[in-house]
Amino acid sequence: MEIVLLGTGSPIPDPGRAGPATLVLGGGQRVLVDAGRGVVMRLAAAGLFPGMLDAVLLTHLHSDHVTDLNDLITTRWAMSPVEHPLKLYGPVGTAQVVRSTLEAFAPDISYRLAHHDDLTWQPPVEVVELSAGQVVELGAMTIRSEATDHAPVHPTLGYRFEAEGTSAVIAGDTVPCAGLDQLVAGAACYVQTVVRRSLVEAIPMPRFHDVLDYHSDLAQAGQTAAKGQVGTLVLTHLVPAPAPGTEGEWIAEVAEHFSGGVIVGEDLLRVAVG
């Protein structure tokens, strides 16, 4: 199994970091988790096009995690030689987001249908809304969802992927909680959104401080990884993005709580899961 960090950024625009998006490769499957800013461009940089994905999963419906869902859907549709439905899984509310997205792009869809004689179908999206504890079987890959805690955003889900005799967890945005503990227990790789508390607290803006109460900070991510006895902790969706040369400081904060491997994510980094 392999994890590809397509986008490791946050809502703060960063020319070097696309929005949250993670690719999981295993069991012959290509599965995308979240569709943040620039996801289609990052997929192309990783050697894939939207039509090559077997499924897309959403952790939650915050704008930074779904902002380029439209690009994913319409690019897959416009480039497919035959009707090729996108399998999209996510929390309750996902179907409404897809309906609204297609409605927003109704003019574009009508233009393309009118222009191309060989394009005779609407963008096909098969939406499955998941609840905590549900399992999705994709070929030789098994995906389990559990509830996470990103309140007041609700519901939110994290996912555990099992294939090729190993496991990886894409937690999404969450603070420590029972569902997260269930997902990460014994996982070989645990990918977690993180904030660096000291840097966020130094910014004199109450709205920015609010991110601390519903994202894991470095200490919490390390504590969760240690409790679950995971192999490697991968830090993504980093808030704020590490300044060049400071990655060691992030790792050191985690290492106070977790003795396993720690990786500070960057876009297009590939992580082998064994």
# chains A, B, ... in the order shown; residues from 1 in each chain; ligands from 1

$ select_by_dssp --residues "stretch 56-262 of chain A" --states "strand (DSSP E)" --output "CSV table (one decimal) with C-alpha atoms, in the first residue's frame"
chain,number,residue,atom,x,y,z
A,56,VAL,CA,-13.6,9.3,-3.7
A,57,LEU,CA,-14.2,9.6,0.0
A,86,LEU,CA,-17.8,8.4,-10.0
A,87,LYS,CA,-18.3,6.5,-6.8
A,88,LEU,CA,-18.4,9.1,-4.0
A,89,TYR,CA,-18.7,8.2,-0.4
A,90,GLY,CA,-19.0,10.7,2.5
A,125,VAL,CA,-22.0,10.5,-9.7
A,126,GLU,CA,-23.0,7.6,-7.5
A,127,VAL,CA,-23.2,9.0,-3.9
A,128,VAL,CA,-23.3,6.7,-0.9
A,129,GLU,CA,-23.7,8.5,2.5
A,135,VAL,CA,-17.5,-0.9,5.8
A,136,VAL,CA,-16.9,-0.4,2.1
A,137,GLU,CA,-15.3,-3.2,0.0
A,138,LEU,CA,-13.5,-2.1,-3.1
A,141,MET,CA,-9.3,-3.1,-0.3
A,142,THR,CA,-11.5,-2.8,2.8
A,143,ILE,CA,-12.4,0.7,4.1
A,144,ARG,CA,-14.0,1.3,7.5
A,145,SER,CA,-15.4,4.6,8.6
A,146,GLU,CA,-15.7,5.9,12.2
A,147,ALA,CA,-17.1,9.1,13.6
A,157,LEU,CA,-15.7,10.7,9.4
A,158,GLY,CA,-12.2,9.2,9.4
A,159,TYR,CA,-11.3,6.1,7.4
A,160,ARG,CA,-9.1,3.1,7.9
A,161,PHE,CA,-7.8,1.3,4.8
A,162,GLU,CA,-6.8,-2.3,4.8
A,163,ALA,CA,-5.1,-4.0,1.8
A,166,THR,CA,-1.3,-3.7,6.1
A,167,SER,CA,-3.4,-0.7,7.2
A,168,ALA,CA,-3.5,3.1,6.9
A,169,VAL,CA,-5.8,5.7,8.5
A,170,ILE,CA,-6.8,9.0,7.0
A,189,CYS,CA,0.4,4.5,9.1
A,190,TYR,CA,-1.7,7.3,10.6
A,191,VAL,CA,-2.3,10.5,8.6
A,192,GLN,CA,-3.5,13.4,10.7
A,193,THR,CA,-4.4,17.1,10.2
A,194,VAL,CA,-2.4,19.1,12.7
A,195,VAL,CA,-2.0,22.6,14.0
A,232,THR,CA,4.3,6.0,11.4
A,233,LEU,CA,2.5,9.3,12.0
A,234,VAL,CA,2.2,11.5,8.9
A,235,LEU,CA,1.4,15.2,9.5
A,236,THR,CA,-0.8,16.9,6.9
A,237,HIS,CA,-3.1,19.9,6.4
A,238,LEU,CA,-0.5,21.8,8.5
A,239,VAL,CA,-1.6,25.0,10.2
A,261,GLY,CA,8.3,7.5,12.9
A,262,VAL,CA,7.1,11.0,12.2

$ residues_around --residues "stretch 104-119 of chain A" --least-positions-apart "5" --cutoff "10 Å" --atoms "only C-alpha atoms" --output "list in words"
Asn70, Thr74, Trp77, Ala78, Met79, Ser80, Pro81, Val82, Glu83, Val98 and Arg99 of chain A

$ residues_around --residues "A:Gly7" --least-positions-apart "6" --cutoff "6 Å" --atoms "only C-alpha atoms" --output "PyMOL selection string"
chain A and resi 17-21+267

$ closest_residue --among "A:Glu253, A:Asp64, A:Glu2, A:Asp149" --to "A:Leu180" --atoms "only C-alpha atoms"
A:Asp149

$ closest_residue --among "A:Ser131, A:Gln229, A:Pro240, A:Ile263" --to "A:Ile203" --atoms "only C-alpha atoms"
A:Pro240

$ residues_around --residues "A:Arg270" --least-positions-apart "2" --cutoff "7 Å" --atoms "only C-alpha atoms" --output "list of chain:residue names"
A:Glu2, A:Ile3, A:Val4, A:Leu5, A:Leu268, A:Ala272

$ residues_around --residues "A:Gly16" --least-positions-apart "2" --cutoff "12 Å" --atoms "only C-alpha atoms" --output "ChimeraX atom specification"
/A:6-10,12-14,18-19,37-38,42,241-244,265-268

$ write_last_selection --atoms "C-alpha atoms" --output "short mmCIF file (atom, residue, chain, number, x, y, z; two decimals), in the first residue's frame"
data_model
loop_
_atom_site.label_atom_id
_atom_site.label_comp_id
_atom_site.auth_asym_id
_atom_site.auth_seq_id
_atom_site.Cartn_x
_atom_site.Cartn_y
_atom_site.Cartn_z
CA LEU A 6 -1.64 15.36 -3.01
CA GLY A 7 -2.44 18.44 -0.95
CA THR A 8 -1.09 19.29 2.50
CA GLY A 9 -2.25 22.88 2.79
CA SER A 10 -5.04 24.60 4.69
CA ILE A 12 -4.55 29.79 4.05
CA PRO A 13 -3.44 30.16 0.39
CA ASP A 14 0.05 28.76 -0.17
CA ALA A 18 -2.65 22.53 -2.46
CA GLY A 19 -5.78 21.97 -0.41
CA ARG A 37 -7.97 23.30 -3.78
CA GLY A 38 -5.92 22.13 -6.80
CA ARG A 42 -1.97 17.43 -8.10
CA ALA A 241 2.54 25.68 7.03
CA PRO A 242 6.06 25.07 8.40
CA ALA A 243 8.65 27.66 7.43
CA PRO A 244 11.52 26.08 5.46
CA GLY A 265 4.00 16.12 4.88
CA GLU A 266 4.54 18.06 1.71
CA ASP A 267 2.66 17.94 -1.56
CA LEU A 268 3.28 14.85 -3.72
#

$ select_by_dssp --residues "stretch 4-154 of chain A" --states "alpha helix (DSSP H)" --output "ChimeraX atom specification"
/A:39-45,63-66,69-79,94-104,106-115

$ atom_distance --atom1 "atom CA of A:Glu164" --atom2 "atom CA of A:Leu25"
10.3 Å

$ closest_residue --among "A:His62, A:His150, A:His84, A:Arg30" --to "A:His215" --atoms "only C-alpha atoms"
A:His150
